[in-house]
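The structure under discussion appears below in the form of structure tokens.
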Amino acid sequence: MIHLQNGLAEQLTQSALNHDDPETVGAALPAYLQLLDASADGPDADGASLCSAAKLYGTYAGAFVSDSPRQQRLSARALRYGVRGACALEKPLCAANMRNFEDLESVVDKLGGDELAALACLGAAWASDVQARADQPDAQADAPKVRVIYER
């Protein structure tokens, strides 16, 4: 089982996001996404690795994919990793995307300080998914939930 060294996933993700040649990044990311999948799909995947996978999948889907069904698939993967990553970092966020608005708002209101990294992970992944499915009613229903996370 592949497990990326602690912090390596985040360093590689930041390197890709900060690169000055988007074309190079776009060409290289699919292989890196597969590496993240191999690490994140393991039973010992940690919250930081899952959040790195969520961040990069969401970025790749939004910046480099124009085919709507493919963008939706990749954004959905980002959301799955974001939910798992946020849950690994903060247990109250487990299954956050399945909660009703009031429930989610209550959980989010109780978080702060160190928990904000978990909220950022979830919020970015969920925003990517909502954007990819913007024409669907269920995505429009999720938008206020994402807003609550970002407002926190």
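Every chain in the structure tokens has a letter given in the order shown (A, B, ...), and although residue numbers restart at 1 in each chain, ligands are simply numbered from 1 in the order shown.
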Go through region 94-131 of chain A and flag each residue having an atom no more than 7 Å from region 52-67 of chain A; for those, report the closest pair of atoms plus their distance in Å to one decimal, using only C-alpha atoms, ordered by chain and rising number, as a tab-separated table.
```
residue	atom	partner	partner_atom	distance
A:Ala124	CA	A:Lys55	CA	6.9
A:Ala125	CA	A:Ala54	CA	5.7
A:Ser128	CA	A:Gly58	CA	5.3
```
Hey, what's within 7 Å of region 131-139 of chain A if we count only C-alpha atoms and toss same-chain stuff fewer than 6 positions away? As a ChimeraX atom specification, please?
-> /A:71-72,75
For the residues in that selection, give me N, CA, C and O atoms as a PDB file, in the first residue's frame.
```pdb
ATOM      1  N   GLN A  71     -15.991  16.764 -15.098  1.00  0.00           N
ATOM      2  CA  GLN A  71     -15.788  17.735 -14.029  1.00  0.00           C
ATOM      3  C   GLN A  71     -16.620  17.358 -12.801  1.00  0.00           C
ATOM      4  O   GLN A  71     -16.152  17.441 -11.667  1.00  0.00           O
ATOM      5  N   GLN A  72     -17.845  16.903 -13.031  1.00  0.00           N
ATOM      6  CA  GLN A  72     -18.703  16.493 -11.921  1.00  0.00           C
ATOM      7  C   GLN A  72     -18.144  15.267 -11.206  1.00  0.00           C
ATOM      8  O   GLN A  72     -18.169  15.198  -9.971  1.00  0.00           O
ATOM      9  N   SER A  75     -15.045  16.438  -9.215  1.00  0.00           N
ATOM     10  CA  SER A  75     -15.466  17.269  -8.083  1.00  0.00           C
ATOM     11  C   SER A  75     -16.144  16.426  -7.006  1.00  0.00           C
ATOM     12  O   SER A  75     -15.989  16.698  -5.809  1.00  0.00           O
TER      13      SER A  75
END
```
Near Lys145 (chain A), counting only C-alpha atoms, which residues have an atom at most 9 Å away, once you skip same-chain residues fewer than 3 positions from it, shown as a VMD selection string?
-> chain A and resid 97 100 to 101 104 to 105 123 141 to 142 148 to 150
Next, dump the selected residues to file, keeping only N, CA, C and O atoms, as an mmCIF file, in the first residue's frame.
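Dumped everything to out_27.cif:
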```
data_model
loop_
_atom_site.group_PDB
_atom_site.id
_atom_site.type_symbol
_atom_site.label_atom_id
_atom_site.label_comp_id
_atom_site.auth_asym_id
_atom_site.auth_seq_id
_atom_site.Cartn_x
_atom_site.Cartn_y
_atom_site.Cartn_z
ATOM 1 N N ASN A 97 -21.804 16.605 4.943
ATOM 2 C CA ASN A 97 -22.555 16.860 3.716
ATOM 3 C C ASN A 97 -23.924 16.179 3.701
ATOM 4 O O ASN A 97 -24.738 16.456 2.842
ATOM 5 N N ASN A 100 -28.761 18.242 7.602
ATOM 6 C CA ASN A 100 -29.626 19.332 7.161
ATOM 7 C C ASN A 100 -28.961 20.658 7.543
ATOM 8 O O ASN A 100 -27.989 20.684 8.297
ATOM 9 N N PHE A 101 -29.470 21.741 7.016
ATOM 10 C CA PHE A 101 -28.840 23.043 7.194
ATOM 11 C C PHE A 101 -28.669 23.415 8.666
ATOM 12 O O PHE A 101 -27.586 23.819 9.083
ATOM 13 N N LEU A 104 -25.982 21.293 10.439
ATOM 14 C CA LEU A 104 -24.640 21.675 10.001
ATOM 15 C C LEU A 104 -24.247 23.015 10.600
ATOM 16 O O LEU A 104 -23.134 23.178 11.098
ATOM 17 N N GLU A 105 -25.159 23.956 10.579
ATOM 18 C CA GLU A 105 -24.878 25.280 11.132
ATOM 19 C C GLU A 105 -24.510 25.180 12.609
ATOM 20 O O GLU A 105 -23.568 25.832 13.074
ATOM 21 N N GLY A 123 -15.044 22.861 3.105
ATOM 22 C CA GLY A 123 -15.654 23.947 2.352
ATOM 23 C C GLY A 123 -15.150 24.041 0.922
ATOM 24 O O GLY A 123 -15.934 24.195 -0.016
ATOM 25 N N ALA A 141 -29.244 23.575 -3.473
ATOM 26 C CA ALA A 141 -29.633 23.391 -2.076
ATOM 27 C C ALA A 141 -28.413 23.289 -1.166
ATOM 28 O O ALA A 141 -28.487 23.646 0.013
ATOM 29 N N ASP A 142 -27.283 22.802 -1.695
ATOM 30 C CA ASP A 142 -26.060 22.701 -0.897
ATOM 31 C C ASP A 142 -25.330 24.030 -0.747
ATOM 32 O O ASP A 142 -24.544 24.210 0.183
ATOM 33 N N VAL A 148 -22.257 28.717 4.904
ATOM 34 C CA VAL A 148 -22.134 28.692 6.369
ATOM 35 C C VAL A 148 -20.706 28.309 6.771
ATOM 36 O O VAL A 148 -20.132 28.892 7.697
ATOM 37 N N ILE A 149 -20.142 27.358 6.072
ATOM 38 C CA ILE A 149 -18.767 26.938 6.368
ATOM 39 C C ILE A 149 -17.808 28.090 6.104
ATOM 40 O O ILE A 149 -16.945 28.390 6.933
ATOM 41 N N TYR A 150 -17.943 28.738 4.957
ATOM 42 C CA TYR A 150 -17.035 29.834 4.622
ATOM 43 C C TYR A 150 -17.218 31.042 5.532
ATOM 44 O O TYR A 150 -16.246 31.724 5.856
#
```
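The smallest atom-to-atom distance between Ser68 (chain A) and any of A:Glu151, A:Asp129, A:Ala143, A:Asp20, using only C-alpha atoms, is found for A:Asp129.
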Contact residues around Glu90 (chain A) with only C-alpha atoms at 12 Å, ignoring same-chain residues under 5 positions, as a PyMOL selection string = chain A and resi 46-48+82-85+95-96+107-108+110-122
Can you write out the residues you just picked, keeping N, CA, C and O atoms, as an mmCIF file, in the first residue's frame?
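What landed in out_34.cif:
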```cif
data_model
loop_
_atom_site.group_PDB
_atom_site.id
_atom_site.type_symbol
_atom_site.label_atom_id
_atom_site.label_comp_id
_atom_site.auth_asym_id
_atom_site.auth_seq_id
_atom_site.Cartn_x
_atom_site.Cartn_y
_atom_site.Cartn_z
ATOM 1 N N ASP A 46 -4.444 9.773 6.554
ATOM 2 C CA ASP A 46 -4.686 10.778 7.588
ATOM 3 C C ASP A 46 -5.445 11.969 7.003
ATOM 4 O O ASP A 46 -5.596 12.109 5.790
ATOM 5 N N GLY A 47 -5.937 12.812 7.891
ATOM 6 C CA GLY A 47 -6.752 13.946 7.478
ATOM 7 C C GLY A 47 -6.030 14.889 6.535
ATOM 8 O O GLY A 47 -6.614 15.373 5.568
ATOM 9 N N ALA A 48 -4.749 15.140 6.792
ATOM 10 C CA ALA A 48 -3.995 16.059 5.939
ATOM 11 C C ALA A 48 -3.854 15.510 4.525
ATOM 12 O O ALA A 48 -4.000 16.249 3.549
ATOM 13 N N GLY A 82 -12.755 15.386 0.787
ATOM 14 C CA GLY A 82 -12.907 16.498 1.732
ATOM 15 C C GLY A 82 -13.711 16.114 2.959
ATOM 16 O O GLY A 82 -13.368 16.479 4.081
ATOM 17 N N VAL A 83 -14.796 15.363 2.754
ATOM 18 C CA VAL A 83 -15.618 14.906 3.883
ATOM 19 C C VAL A 83 -14.804 13.961 4.764
ATOM 20 O O VAL A 83 -14.802 14.088 5.993
ATOM 21 N N ARG A 84 -14.106 13.018 4.149
ATOM 22 C CA ARG A 84 -13.283 12.079 4.930
ATOM 23 C C ARG A 84 -12.150 12.800 5.647
ATOM 24 O O ARG A 84 -11.851 12.506 6.809
ATOM 25 N N GLY A 85 -11.518 13.754 4.959
ATOM 26 C CA GLY A 85 -10.420 14.506 5.575
ATOM 27 C C GLY A 85 -10.893 15.348 6.740
ATOM 28 O O GLY A 85 -10.280 15.358 7.813
ATOM 29 N N ALA A 95 -19.691 13.121 8.039
ATOM 30 C CA ALA A 95 -20.948 13.120 7.278
ATOM 31 C C ALA A 95 -21.600 14.503 7.243
ATOM 32 O O ALA A 95 -22.821 14.615 7.141
ATOM 33 N N ALA A 96 -20.791 15.541 7.299
ATOM 34 C CA ALA A 96 -21.323 16.908 7.302
ATOM 35 C C ALA A 96 -22.171 17.182 6.068
ATOM 36 O O ALA A 96 -23.174 17.894 6.151
ATOM 37 N N VAL A 107 -23.167 22.582 14.200
ATOM 38 C CA VAL A 107 -21.833 21.969 14.307
ATOM 39 C C VAL A 107 -20.756 22.985 13.957
ATOM 40 O O VAL A 107 -19.762 23.130 14.674
ATOM 41 N N VAL A 108 -20.956 23.685 12.862
ATOM 42 C CA VAL A 108 -19.957 24.658 12.399
ATOM 43 C C VAL A 108 -19.778 25.786 13.400
ATOM 44 O O VAL A 108 -18.653 26.231 13.654
ATOM 45 N N LYS A 110 -19.838 25.693 16.525
ATOM 46 C CA LYS A 110 -19.075 25.250 17.687
ATOM 47 C C LYS A 110 -17.590 25.103 17.401
ATOM 48 O O LYS A 110 -16.801 24.902 18.317
ATOM 49 N N LEU A 111 -17.210 25.175 16.128
ATOM 50 C CA LEU A 111 -15.815 24.985 15.750
ATOM 51 C C LEU A 111 -15.104 26.315 15.604
ATOM 52 O O LEU A 111 -15.687 27.309 15.224
ATOM 53 N N GLY A 112 -13.836 26.316 15.891
ATOM 54 C CA GLY A 112 -13.021 27.510 15.727
ATOM 55 C C GLY A 112 -11.573 27.171 15.965
ATOM 56 O O GLY A 112 -11.218 26.038 16.281
ATOM 57 N N GLY A 113 -10.714 28.142 15.807
ATOM 58 C CA GLY A 113 -9.292 27.932 16.072
ATOM 59 C C GLY A 113 -8.692 26.825 15.236
ATOM 60 O O GLY A 113 -8.679 26.901 14.008
ATOM 61 N N ASP A 114 -8.230 25.788 15.910
ATOM 62 C CA ASP A 114 -7.559 24.678 15.234
ATOM 63 C C ASP A 114 -8.489 23.919 14.286
ATOM 64 O O ASP A 114 -8.021 23.271 13.345
ATOM 65 N N GLU A 115 -9.768 23.974 14.527
ATOM 66 C CA GLU A 115 -10.722 23.247 13.690
ATOM 67 C C GLU A 115 -10.959 23.903 12.328
ATOM 68 O O GLU A 115 -11.564 23.314 11.444
ATOM 69 N N LEU A 116 -10.485 25.125 12.160
ATOM 70 C CA LEU A 116 -10.737 25.835 10.916
ATOM 71 C C LEU A 116 -10.090 25.156 9.712
ATOM 72 O O LEU A 116 -10.603 25.249 8.600
ATOM 73 N N ALA A 117 -8.989 24.457 9.899
ATOM 74 C CA ALA A 117 -8.358 23.733 8.782
ATOM 75 C C ALA A 117 -9.303 22.654 8.256
ATOM 76 O O ALA A 117 -9.410 22.452 7.045
ATOM 77 N N ALA A 118 -9.986 21.984 9.140
ATOM 78 C CA ALA A 118 -10.945 20.953 8.730
ATOM 79 C C ALA A 118 -12.120 21.597 7.987
ATOM 80 O O ALA A 118 -12.589 21.060 6.978
ATOM 81 N N LEU A 119 -12.581 22.745 8.463
ATOM 82 C CA LEU A 119 -13.662 23.455 7.775
ATOM 83 C C LEU A 119 -13.224 23.927 6.393
ATOM 84 O O LEU A 119 -13.988 23.840 5.430
ATOM 85 N N ALA A 120 -11.997 24.417 6.292
ATOM 86 C CA ALA A 120 -11.479 24.865 4.996
ATOM 87 C C ALA A 120 -11.395 23.703 4.020
ATOM 88 O O ALA A 120 -11.743 23.843 2.836
ATOM 89 N N CYS A 121 -10.958 22.560 4.492
ATOM 90 C CA CYS A 121 -10.874 21.358 3.663
ATOM 91 C C CYS A 121 -12.258 20.994 3.127
ATOM 92 O O CYS A 121 -12.447 20.809 1.922
ATOM 93 N N LEU A 122 -13.218 20.906 4.014
ATOM 94 C CA LEU A 122 -14.581 20.545 3.632
ATOM 95 C C LEU A 122 -15.201 21.608 2.730
ATOM 96 O O LEU A 122 -15.791 21.300 1.697
#
```
